[in-house]
Amino acid sequence: MATVKDFSVEEKLTAVLSLQKIDSKIDEIKTLKGELPMEVKDLEDEIEGLQTRIHNIDAEINSINSFIDAKNNAKKESLALIKKYEKQQDNVKNNREFEAINKEIEMQELESRLCEKHIKDATFELRDRMNVRLKTEEKVKDVEEALIIKRTELEKISADTEIEEKELAEKSEEARLKVDPRLLIAYNRIRGSYRNGLAVVSILRDSCGGCFNVIPPQRQSEIRQHKKIVICEHCGRVLVDTDLNDKVII
Ligand SMILES: [Zn+2]
């Protein structure tokens with residue numbers, strides 16, 4: 001008859017802690033990769049948005065330039081008309097005719113000044129748009145640089161971690177077999193219920209390393225003694241002392 005070896009509490013804790021460390025390492029890689037593709041996509045979207053903005057600014061600049069051209073032409077026309085009217089004034093037959101032409105000249109002078117004002121305002125607006133365009137272009141460059149960094153990082157991680165991930169998955173399977181079955185059920189349940197995937201945590205500055213609630217000195221001493229498995233009364237995680245935590249290296 002095969003004898004079932006009775007594992008000590010310390011052995012049980014060591015086994016489950018090893019598993020936790022391996023699984024946490026797997027989580028870490030997944031998190032790294034999990035966020036990078038999204039970050040890359042965000043940056044790509046940002047560049048696209050900025051380029052649309054530049055495109056819209058260009059359309060505005062074109063429209064302002066057309067407006068300025070039109071106003072320059074209108075001004076030229078007014079000035080030409082003024083010249084024409086002034087010539088006509090030399091050949092008027094009476095005062096009434098002279099006054100009538102004078103009114104036309106005044107109107108064209110007014111028109112010309114109005115054109116000048118429009119050109120001035122539009123030029124100001126044009127400068128502002130060009131400035132915004134320049135700043136937007138600079139922003140595109142910044143985001144592009146960030147994108148290159150993130151893309152390279154993602155490619156590097158993908159290349160680097162492929163083998164490591166495979167090794168860790170194998171290690172995790174092996175470590176799982178060494179964990180006390182009842183403890184493994186608890187481990188799976190606790191690990192699944194927390195987003196950070198931590199089911200076994202170390203004491204951290206007199207607190208639970210999972211929920212950070214203070215652990216009374218009496219309980220801390222129980223944890224250190226390895227006579228029984230101690231669970232955090234706040235979060236239910238398995239607690240280990242720092243010495244054991246430091247000893248278990250994966
Ligand atoms: Zn806790």
# chains A, B, ... in the order shown; residues from 1 in each chain; ligands from 1

call {"tool": "residues_near_ligand", "arguments": {"ligand": "ligand 1", "cutoff": "9 Å", "atoms": "only C-alpha atoms and all ligand atoms", "output": "PyMOL selection string"}}
result
chain A and resi 201+207-215+231-239

call {"tool": "residues_around", "arguments": {"residues": "range 173-189 of chain A", "least_positions_apart": "3", "cutoff": "6 Å", "atoms": "only C-alpha atoms", "output": "MDAnalysis selection string"}}
result
chainID A and resid 15:16 19 170 192 199

call {"tool": "select_by_dssp", "arguments": {"residues": "range 2-241 of chain A", "states": "strand (DSSP E)", "output": "MDAnalysis selection string"}}
result
chainID A and resid 200:204 207:208 230:231 238:240

call {"tool": "write_last_selection", "arguments": {"atoms": "N, CA, C and O atoms", "output": "JSON list (two decimals), in the first residue's frame"}}
result
[["chain", "number", "residue", "atom", "x", "y", "z"],
["A", 200, "VAL", "N", -1.88, 34.23, -2.27],
["A", 200, "VAL", "CA", -0.90, 34.06, -1.20],
["A", 200, "VAL", "C", -0.10, 35.35, -1.11],
["A", 200, "VAL", "O", 0.48, 35.79, -2.10],
["A", 201, "VAL", "N", -0.11, 35.97, 0.06],
["A", 201, "VAL", "CA", 0.61, 37.23, 0.20],
["A", 201, "VAL", "C", 1.49, 37.22, 1.44],
["A", 201, "VAL", "O", 1.24, 36.49, 2.40],
["A", 202, "SER", "N", 2.49, 38.06, 1.39],
["A", 202, "SER", "CA", 3.41, 38.17, 2.52],
["A", 202, "SER", "C", 2.95, 39.29, 3.45],
["A", 202, "SER", "O", 2.22, 40.19, 3.03],
["A", 203, "ILE", "N", 3.43, 39.22, 4.69],
["A", 203, "ILE", "CA", 3.20, 40.33, 5.62],
["A", 203, "ILE", "C", 4.04, 41.50, 5.11],
["A", 203, "ILE", "O", 5.19, 41.32, 4.72],
["A", 204, "LEU", "N", 3.42, 42.67, 5.07],
["A", 204, "LEU", "CA", 4.12, 43.84, 4.55],
["A", 204, "LEU", "C", 3.94, 44.97, 5.55],
["A", 204, "LEU", "O", 2.84, 45.47, 5.72],
["A", 207, "SER", "N", 1.22, 44.53, 7.92],
["A", 207, "SER", "CA", -0.10, 44.46, 7.31],
["A", 207, "SER", "C", -0.17, 43.31, 6.31],
["A", 207, "SER", "O", 0.85, 42.78, 5.89],
["A", 208, "CYS", "N", -1.41, 42.99, 5.93],
["A", 208, "CYS", "CA", -1.62, 41.98, 4.89],
["A", 208, "CYS", "C", -1.17, 42.57, 3.56],
["A", 208, "CYS", "O", -1.57, 43.67, 3.20],
["A", 230, "VAL", "N", -2.47, 30.36, 8.05],
["A", 230, "VAL", "CA", -3.23, 31.52, 8.54],
["A", 230, "VAL", "C", -3.79, 32.30, 7.35],
["A", 230, "VAL", "O", -3.08, 32.60, 6.39],
["A", 231, "ILE", "N", -5.07, 32.59, 7.48],
["A", 231, "ILE", "CA", -5.77, 33.32, 6.42],
["A", 231, "ILE", "C", -6.05, 34.74, 6.92],
["A", 231, "ILE", "O", -6.37, 34.94, 8.09],
["A", 238, "VAL", "N", -4.13, 33.74, 1.84],
["A", 238, "VAL", "CA", -3.20, 32.97, 2.67],
["A", 238, "VAL", "C", -2.01, 33.88, 2.99],
["A", 238, "VAL", "O", -1.45, 34.51, 2.09],
["A", 239, "LEU", "N", -1.65, 33.94, 4.27],
["A", 239, "LEU", "CA", -0.57, 34.83, 4.68],
["A", 239, "LEU", "C", 0.72, 34.05, 4.94],
["A", 239, "LEU", "O", 0.68, 32.97, 5.53],
["A", 240, "VAL", "N", 1.83, 34.62, 4.46],
["A", 240, "VAL", "CA", 3.13, 34.05, 4.80],
["A", 240, "VAL", "C", 4.02, 35.14, 5.38],
["A", 240, "VAL", "O", 3.79, 36.32, 5.13]]

call {"tool": "atom_distance", "arguments": {"atom1": "CA of Leu198 in chain A", "atom2": "CA of Lys12 in chain A"}}
result
16.8 Å

call {"tool": "residues_around", "arguments": {"residues": "range 90-104 of chain A", "least_positions_apart": "6", "cutoff": "10 Å", "atoms": "only C-alpha atoms", "output": "PyMOL selection string"}}
result
chain A and resi 81-82+110

call {"tool": "closest_residue", "arguments": {"among": "A:Leu43, A:Leu17, A:Leu32, A:Ile54", "to": "Ile149 in chain A", "atoms": "only C-alpha atoms"}}
result
A:Leu43

call {"tool": "atom_distance", "arguments": {"atom1": "CA of Asp23 in chain A", "atom2": "CA of Lys41 in chain A"}}
result
27.5 Å

call {"tool": "atom_distance", "arguments": {"atom1": "CA of Glu10 in chain A", "atom2": "CA of Glu222 in chain A"}}
result
12.2 Å

call {"tool": "residues_around", "arguments": {"residues": "Gln51 in chain A", "least_positions_apart": "4", "cutoff": "8 Å", "atoms": "only C-alpha atoms", "output": "list of chain:residue names"}}
result
A:Ile47, A:His55, A:Val140

call {"tool": "write_last_selection", "arguments": {"atoms": "N, CA and C atoms", "output": "mmCIF file, in the first residue's frame"}}
result
data_model
loop_
_atom_site.group_PDB
_atom_site.id
_atom_site.type_symbol
_atom_site.label_atom_id
_atom_site.label_comp_id
_atom_site.auth_asym_id
_atom_site.auth_seq_id
_atom_site.Cartn_x
_atom_site.Cartn_y
_atom_site.Cartn_z
ATOM 1 N N ILE A 47 -2.847 60.231 -33.405
ATOM 2 C CA ILE A 47 -2.186 60.782 -34.602
ATOM 3 C C ILE A 47 -3.221 61.021 -35.700
ATOM 4 N N HIS A 55 -5.710 68.800 -41.401
ATOM 5 C CA HIS A 55 -6.451 68.844 -42.665
ATOM 6 C C HIS A 55 -7.535 69.935 -42.606
ATOM 7 N N VAL A 140 2.024 66.079 -33.309
ATOM 8 C CA VAL A 140 2.061 64.840 -34.102
ATOM 9 C C VAL A 140 3.441 64.189 -33.973
#

call {"tool": "residues_around", "arguments": {"residues": "Leu244 in chain A", "least_positions_apart": "2", "cutoff": "10 Å", "atoms": "only C-alpha atoms", "output": "VMD selection string"}}
result
chain A and resid 10 13 to 14 17 202 224 226 240 to 242 246 to 249

call {"tool": "write_last_selection", "arguments": {"atoms": "N, CA and C atoms", "output": "PDB file, in the first residue's frame"}}
result
ATOM      1  N   GLU A  10       4.888  24.143   6.659  1.00  0.00           N
ATOM      2  CA  GLU A  10       5.879  24.946   5.936  1.00  0.00           C
ATOM      3  C   GLU A  10       6.027  24.471   4.497  1.00  0.00           C
ATOM      4  N   LEU A  13       2.983  25.573   2.581  1.00  0.00           N
ATOM      5  CA  LEU A  13       3.042  27.019   2.294  1.00  0.00           C
ATOM      6  C   LEU A  13       4.061  27.309   1.197  1.00  0.00           C
ATOM      7  N   THR A  14       5.199  26.610   1.287  1.00  0.00           N
ATOM      8  CA  THR A  14       6.237  26.812   0.275  1.00  0.00           C
ATOM      9  C   THR A  14       5.718  26.446  -1.117  1.00  0.00           C
ATOM     10  N   LEU A  17       3.131  28.982  -2.244  1.00  0.00           N
ATOM     11  CA  LEU A  17       3.783  30.275  -2.494  1.00  0.00           C
ATOM     12  C   LEU A  17       4.566  30.231  -3.813  1.00  0.00           C
ATOM     13  N   SER A 202       2.492  38.064   1.390  1.00  0.00           N
ATOM     14  CA  SER A 202       3.413  38.169   2.520  1.00  0.00           C
ATOM     15  C   SER A 202       2.953  39.286   3.449  1.00  0.00           C
ATOM     16  N   ARG A 224       4.487  33.228  11.518  1.00  0.00           N
ATOM     17  CA  ARG A 224       5.918  32.917  11.505  1.00  0.00           C
ATOM     18  C   ARG A 224       6.213  31.502  12.002  1.00  0.00           C
ATOM     19  N   HIS A 226       4.599  28.738  11.476  1.00  0.00           N
ATOM     20  CA  HIS A 226       4.303  27.690  10.485  1.00  0.00           C
ATOM     21  C   HIS A 226       3.634  26.475  11.110  1.00  0.00           C
ATOM     22  N   VAL A 240       1.826  34.618   4.464  1.00  0.00           N
ATOM     23  CA  VAL A 240       3.131  34.045   4.795  1.00  0.00           C
ATOM     24  C   VAL A 240       4.024  35.143   5.377  1.00  0.00           C
ATOM     25  N   ASP A 241       5.041  34.706   6.135  1.00  0.00           N
ATOM     26  CA  ASP A 241       5.953  35.686   6.715  1.00  0.00           C
ATOM     27  C   ASP A 241       7.004  36.083   5.681  1.00  0.00           C
ATOM     28  N   THR A 242       7.655  37.184   5.931  1.00  0.00           N
ATOM     29  CA  THR A 242       8.617  37.712   4.946  1.00  0.00           C
ATOM     30  C   THR A 242       9.806  36.767   4.737  1.00  0.00           C
ATOM     31  N   ASP A 246      10.883  35.458   1.204  1.00  0.00           N
ATOM     32  CA  ASP A 246      12.199  35.719   0.602  1.00  0.00           C
ATOM     33  C   ASP A 246      12.904  34.426   0.186  1.00  0.00           C
ATOM     34  N   LYS A 247      12.594  33.354   0.923  1.00  0.00           N
ATOM     35  CA  LYS A 247      13.264  32.084   0.679  1.00  0.00           C
ATOM     36  C   LYS A 247      12.789  31.413  -0.612  1.00  0.00           C
ATOM     37  N   VAL A 248      11.498  31.631  -0.913  1.00  0.00           N
ATOM     38  CA  VAL A 248      10.924  30.968  -2.095  1.00  0.00           C
ATOM     39  C   VAL A 248      11.241  31.792  -3.340  1.00  0.00           C
ATOM     40  N   ILE A 249      12.143  31.228  -4.135  1.00  0.00           N
ATOM     41  CA  ILE A 249      12.525  31.913  -5.388  1.00  0.00           C
ATOM     42  C   ILE A 249      12.150  30.995  -6.562  1.00  0.00           C
TER      43      ILE A 249
END

call {"tool": "residues_around", "arguments": {"residues": "Val9 in chain A", "least_positions_apart": "5", "cutoff": "7 Å", "atoms": "only C-alpha atoms", "output": "list in words"}}
result
His226, Lys227, Lys228 and Ile229 of chain A

call {"tool": "select_by_dssp", "arguments": {"residues": "range 138-246 of chain A", "states": "helix (DSSP H, G or I)", "output": "mmCIF file with N, CA and C atoms, in the first residue's frame"}}
result
data_model
loop_
_atom_site.group_PDB
_atom_site.id
_atom_site.type_symbol
_atom_site.label_atom_id
_atom_site.label_comp_id
_atom_site.auth_asym_id
_atom_site.auth_seq_id
_atom_site.Cartn_x
_atom_site.Cartn_y
_atom_site.Cartn_z
ATOM 1 N N GLU A 138 3.794 69.780 -34.328
ATOM 2 C CA GLU A 138 4.769 69.426 -33.288
ATOM 3 C C GLU A 138 4.220 68.302 -32.418
ATOM 4 N N LYS A 139 2.920 68.418 -32.118
ATOM 5 C CA LYS A 139 2.260 67.402 -31.283
ATOM 6 C C LYS A 139 2.279 66.049 -32.002
ATOM 7 N N VAL A 140 2.024 66.079 -33.309
ATOM 8 C CA VAL A 140 2.061 64.840 -34.102
ATOM 9 C C VAL A 140 3.441 64.189 -33.973
ATOM 10 N N LYS A 141 4.474 65.008 -34.086
ATOM 11 C CA LYS A 141 5.839 64.487 -33.977
ATOM 12 C C LYS A 141 6.067 63.827 -32.621
ATOM 13 N N ASP A 142 5.607 64.507 -31.558
ATOM 14 C CA ASP A 142 5.761 63.953 -30.204
ATOM 15 C C ASP A 142 5.056 62.605 -30.084
ATOM 16 N N VAL A 143 3.815 62.581 -30.559
ATOM 17 C CA VAL A 143 3.035 61.338 -30.443
ATOM 18 C C VAL A 143 3.656 60.241 -31.300
ATOM 19 N N GLU A 144 4.178 60.617 -32.460
ATOM 20 C CA GLU A 144 4.822 59.626 -33.318
ATOM 21 C C GLU A 144 6.040 59.020 -32.632
ATOM 22 N N GLU A 145 6.785 59.867 -31.954
ATOM 23 C CA GLU A 145 7.958 59.368 -31.220
ATOM 24 C C GLU A 145 7.537 58.384 -30.140
ATOM 25 N N ALA A 146 6.474 58.756 -29.400
ATOM 26 C CA ALA A 146 5.967 57.885 -28.338
ATOM 27 C C ALA A 146 5.470 56.568 -28.926
ATOM 28 N N LEU A 147 4.861 56.669 -30.087
ATOM 29 C CA LEU A 147 4.332 55.472 -30.753
ATOM 30 C C LEU A 147 5.457 54.514 -31.137
ATOM 31 N N ILE A 148 6.541 55.071 -31.664
ATOM 32 C CA ILE A 148 7.685 54.235 -32.053
ATOM 33 C C ILE A 148 8.216 53.490 -30.831
ATOM 34 N N ILE A 149 8.323 54.226 -29.703
ATOM 35 C CA ILE A 149 8.835 53.609 -28.469
ATOM 36 C C ILE A 149 7.919 52.461 -28.030
ATOM 37 N N LYS A 150 6.615 52.736 -28.014
ATOM 38 C CA LYS A 150 5.655 51.716 -27.564
ATOM 39 C C LYS A 150 5.626 50.510 -28.491
ATOM 40 N N ARG A 151 5.689 50.781 -29.787
ATOM 41 C CA ARG A 151 5.678 49.691 -30.763
ATOM 42 C C ARG A 151 6.896 48.799 -30.589
ATOM 43 N N THR A 152 8.055 49.459 -30.423
ATOM 44 C CA THR A 152 9.294 48.701 -30.252
ATOM 45 C C THR A 152 9.218 47.863 -28.980
ATOM 46 N N GLU A 153 8.679 48.490 -27.931
ATOM 47 C CA GLU A 153 8.542 47.811 -26.642
ATOM 48 C C GLU A 153 7.670 46.557 -26.786
ATOM 49 N N LEU A 154 6.558 46.744 -27.469
ATOM 50 C CA LEU A 154 5.627 45.627 -27.663
ATOM 51 C C LEU A 154 6.268 44.500 -28.463
ATOM 52 N N GLU A 155 6.968 44.870 -29.534
ATOM 53 C CA GLU A 155 7.623 43.856 -30.366
ATOM 54 C C GLU A 155 8.678 43.104 -29.568
ATOM 55 N N LYS A 156 9.412 43.885 -28.747
ATOM 56 C CA LYS A 156 10.478 43.295 -27.946
ATOM 57 C C LYS A 156 9.890 42.325 -26.917
ATOM 58 N N ILE A 157 8.851 42.792 -26.230
ATOM 59 C CA ILE A 157 8.219 41.942 -25.212
ATOM 60 C C ILE A 157 7.669 40.678 -25.848
ATOM 61 N N SER A 158 7.010 40.829 -26.971
ATOM 62 C CA SER A 158 6.427 39.665 -27.644
ATOM 63 C C SER A 158 7.508 38.658 -27.997
ATOM 64 N N ALA A 159 8.641 39.187 -28.485
ATOM 65 C CA ALA A 159 9.732 38.290 -28.861
ATOM 66 C C ALA A 159 10.386 37.676 -27.630
ATOM 67 N N ASP A 160 10.600 38.530 -26.620
ATOM 68 C CA ASP A 160 11.286 38.079 -25.396
ATOM 69 C C ASP A 160 10.459 37.091 -24.588
ATOM 70 N N THR A 161 9.178 37.343 -24.474
ATOM 71 C CA THR A 161 8.368 36.593 -23.522
ATOM 72 C C THR A 161 7.821 35.285 -24.053
ATOM 73 N N GLU A 162 7.888 35.106 -25.357
ATOM 74 C CA GLU A 162 7.298 33.899 -25.931
ATOM 75 C C GLU A 162 7.832 32.638 -25.259
ATOM 76 N N ILE A 163 9.155 32.571 -25.154
ATOM 77 C CA ILE A 163 9.782 31.382 -24.550
ATOM 78 C C ILE A 163 9.514 31.363 -23.044
ATOM 79 N N GLU A 164 9.675 32.549 -22.437
ATOM 80 C CA GLU A 164 9.493 32.643 -20.985
ATOM 81 C C GLU A 164 8.071 32.227 -20.577
ATOM 82 N N GLU A 165 7.111 32.687 -21.332
ATOM 83 C CA GLU A 165 5.718 32.355 -21.027
ATOM 84 C C GLU A 165 5.475 30.848 -21.084
ATOM 85 N N LYS A 166 6.065 30.234 -22.087
ATOM 86 C CA LYS A 166 5.897 28.793 -22.261
ATOM 87 C C LYS A 166 6.524 28.052 -21.078
ATOM 88 N N GLU A 167 7.719 28.512 -20.692
ATOM 89 C CA GLU A 167 8.419 27.892 -19.558
ATOM 90 C C GLU A 167 7.633 28.062 -18.267
ATOM 91 N N LEU A 168 7.107 29.265 -18.079
ATOM 92 C CA LEU A 168 6.347 29.551 -16.859
ATOM 93 C C LEU A 168 5.068 28.713 -16.794
ATOM 94 N N ALA A 169 4.415 28.548 -17.932
ATOM 95 C CA ALA A 169 3.189 27.744 -17.974
ATOM 96 C C ALA A 169 3.494 26.308 -17.553
ATOM 97 N N GLU A 170 4.631 25.784 -18.015
ATOM 98 C CA GLU A 170 5.048 24.422 -17.636
ATOM 99 C C GLU A 170 5.369 24.360 -16.146
ATOM 100 N N LYS A 171 6.099 25.375 -15.682
ATOM 101 C CA LYS A 171 6.467 25.441 -14.256
ATOM 102 C C LYS A 171 5.215 25.493 -13.380
ATOM 103 N N SER A 172 4.238 26.274 -13.821
ATOM 104 C CA SER A 172 2.998 26.434 -13.068
ATOM 105 C C SER A 172 2.288 25.085 -12.936
ATOM 106 N N GLU A 173 2.243 24.347 -14.036
ATOM 107 C CA GLU A 173 1.608 23.021 -14.004
ATOM 108 C C GLU A 173 2.313 22.107 -13.006
ATOM 109 N N GLU A 174 3.630 22.134 -13.041
ATOM 110 C CA GLU A 174 4.429 21.301 -12.121
ATOM 111 C C GLU A 174 4.183 21.719 -10.674
ATOM 112 N N ALA A 175 4.219 23.022 -10.435
ATOM 113 C CA ALA A 175 4.053 23.541 -9.068
ATOM 114 C C ALA A 175 2.660 23.212 -8.527
ATOM 115 N N ARG A 176 1.682 23.247 -9.411
ATOM 116 C CA ARG A 176 0.297 22.949 -9.050
ATOM 117 C C ARG A 176 0.163 21.535 -8.455
ATOM 118 N N LEU A 177 0.917 20.607 -9.047
ATOM 119 C CA LEU A 177 0.851 19.215 -8.604
ATOM 120 C C LEU A 177 1.398 19.029 -7.180
ATOM 121 N N LYS A 178 2.257 19.955 -6.801
ATOM 122 C CA LYS A 178 2.890 19.840 -5.477
ATOM 123 C C LYS A 178 2.055 20.477 -4.367
ATOM 124 N N PRO A 181 -4.107 19.451 -2.185
ATOM 125 C CA PRO A 181 -5.340 19.595 -2.971
ATOM 126 C C PRO A 181 -6.361 20.578 -2.372
ATOM 127 N N ARG A 182 -6.538 20.500 -1.062
ATOM 128 C CA ARG A 182 -7.512 21.405 -0.438
ATOM 129 C C ARG A 182 -7.037 22.858 -0.527
ATOM 130 N N LEU A 183 -5.754 23.010 -0.347
ATOM 131 C CA LEU A 183 -5.166 24.349 -0.412
ATOM 132 C C LEU A 183 -5.233 24.873 -1.853
ATOM 133 N N LEU A 184 -5.088 23.963 -2.805
ATOM 134 C CA LEU A 184 -5.136 24.352 -4.217
ATOM 135 C C LEU A 184 -6.542 24.861 -4.591
ATOM 136 N N ILE A 185 -7.566 24.202 -4.035
ATOM 137 C CA ILE A 185 -8.949 24.640 -4.299
ATOM 138 C C ILE A 185 -9.130 26.067 -3.772
ATOM 139 N N ALA A 186 -8.632 26.267 -2.549
ATOM 140 C CA ALA A 186 -8.731 27.607 -1.942
ATOM 141 C C ALA A 186 -7.937 28.614 -2.770
ATOM 142 N N TYR A 187 -6.742 28.193 -3.190
ATOM 143 C CA TYR A 187 -5.872 29.074 -3.985
ATOM 144 C C TYR A 187 -6.582 29.516 -5.268
ATOM 145 N N ASN A 188 -7.155 28.541 -5.985
ATOM 146 C CA ASN A 188 -7.844 28.861 -7.241
ATOM 147 C C ASN A 188 -9.023 29.804 -7.008
ATOM 148 N N ARG A 189 -9.754 29.541 -5.925
ATOM 149 C CA ARG A 189 -10.939 30.353 -5.634
ATOM 150 C C ARG A 189 -10.522 31.798 -5.284
ATOM 151 N N ILE A 190 -9.541 31.935 -4.405
ATOM 152 C CA ILE A 190 -9.120 33.278 -3.980
ATOM 153 C C ILE A 190 -8.467 34.025 -5.150
ATOM 154 N N ARG A 191 -7.620 33.313 -5.866
ATOM 155 C CA ARG A 191 -6.908 33.940 -6.994
ATOM 156 C C ARG A 191 -7.902 34.459 -8.036
ATOM 157 N N GLY A 192 -8.956 33.675 -8.240
ATOM 158 C CA GLY A 192 -9.956 34.073 -9.234
ATOM 159 C C GLY A 192 -10.817 35.238 -8.796
ATOM 160 N N SER A 193 -10.877 35.465 -7.477
ATOM 161 C CA SER A 193 -11.785 36.509 -7.001
ATOM 162 C C SER A 193 -11.110 37.884 -6.882
ATOM 163 N N PRO A 217 0.005 41.556 16.301
ATOM 164 C CA PRO A 217 1.284 40.866 16.579
ATOM 165 C C PRO A 217 1.110 39.379 16.866
ATOM 166 N N GLN A 218 0.061 39.012 17.596
ATOM 167 C CA GLN A 218 -0.192 37.605 17.930
ATOM 168 C C GLN A 218 -0.349 36.758 16.670
ATOM 169 N N ARG A 219 -1.110 37.299 15.716
ATOM 170 C CA ARG A 219 -1.350 36.596 14.439
ATOM 171 C C ARG A 219 -0.065 36.534 13.617
ATOM 172 N N GLN A 220 0.694 37.604 13.686
ATOM 173 C CA GLN A 220 1.966 37.631 12.938
ATOM 174 C C GLN A 220 2.888 36.525 13.445
ATOM 175 N N SER A 221 2.860 36.353 14.767
ATOM 176 C CA SER A 221 3.718 35.328 15.364
ATOM 177 C C SER A 221 3.232 33.934 14.946
ATOM 178 N N GLU A 222 1.902 33.750 14.857
ATOM 179 C CA GLU A 222 1.342 32.469 14.384
ATOM 180 C C GLU A 222 1.797 32.174 12.952
ATOM 181 N N ILE A 223 1.799 33.225 12.162
ATOM 182 C CA ILE A 223 2.202 33.063 10.753
ATOM 183 C C ILE A 223 3.650 32.613 10.674
ATOM 184 N N ARG A 224 4.487 33.228 11.518
ATOM 185 C CA ARG A 224 5.918 32.917 11.505
ATOM 186 C C ARG A 224 6.213 31.502 12.002
ATOM 187 N N GLN A 225 5.335 31.002 12.893
ATOM 188 C CA GLN A 225 5.597 29.688 13.491
ATOM 189 C C GLN A 225 5.351 28.518 12.537
ATOM 190 N N THR A 242 7.655 37.184 5.931
ATOM 191 C CA THR A 242 8.617 37.712 4.946
ATOM 192 C C THR A 242 9.806 36.767 4.737
ATOM 193 N N ASP A 243 10.208 36.059 5.814
ATOM 194 C CA ASP A 243 11.354 35.154 5.696
ATOM 195 C C ASP A 243 11.064 34.055 4.673
ATOM 196 N N LEU A 244 9.897 33.464 4.801
ATOM 197 C CA LEU A 244 9.511 32.390 3.879
ATOM 198 C C LEU A 244 9.370 32.979 2.475
ATOM 199 N N ASN A 245 8.760 34.155 2.428
ATOM 200 C CA ASN A 245 8.552 34.816 1.135
ATOM 201 C C ASN A 245 9.878 35.051 0.423
ATOM 202 N N ASP A 246 10.883 35.458 1.204
ATOM 203 C CA ASP A 246 12.199 35.719 0.602
ATOM 204 C C ASP A 246 12.904 34.426 0.186
#

call {"tool": "residues_around", "arguments": {"residues": "Asn65 in chain A", "least_positions_apart": "6", "cutoff": "12 Å", "atoms": "only C-alpha atoms", "output": "count of residues only"}}
result
16
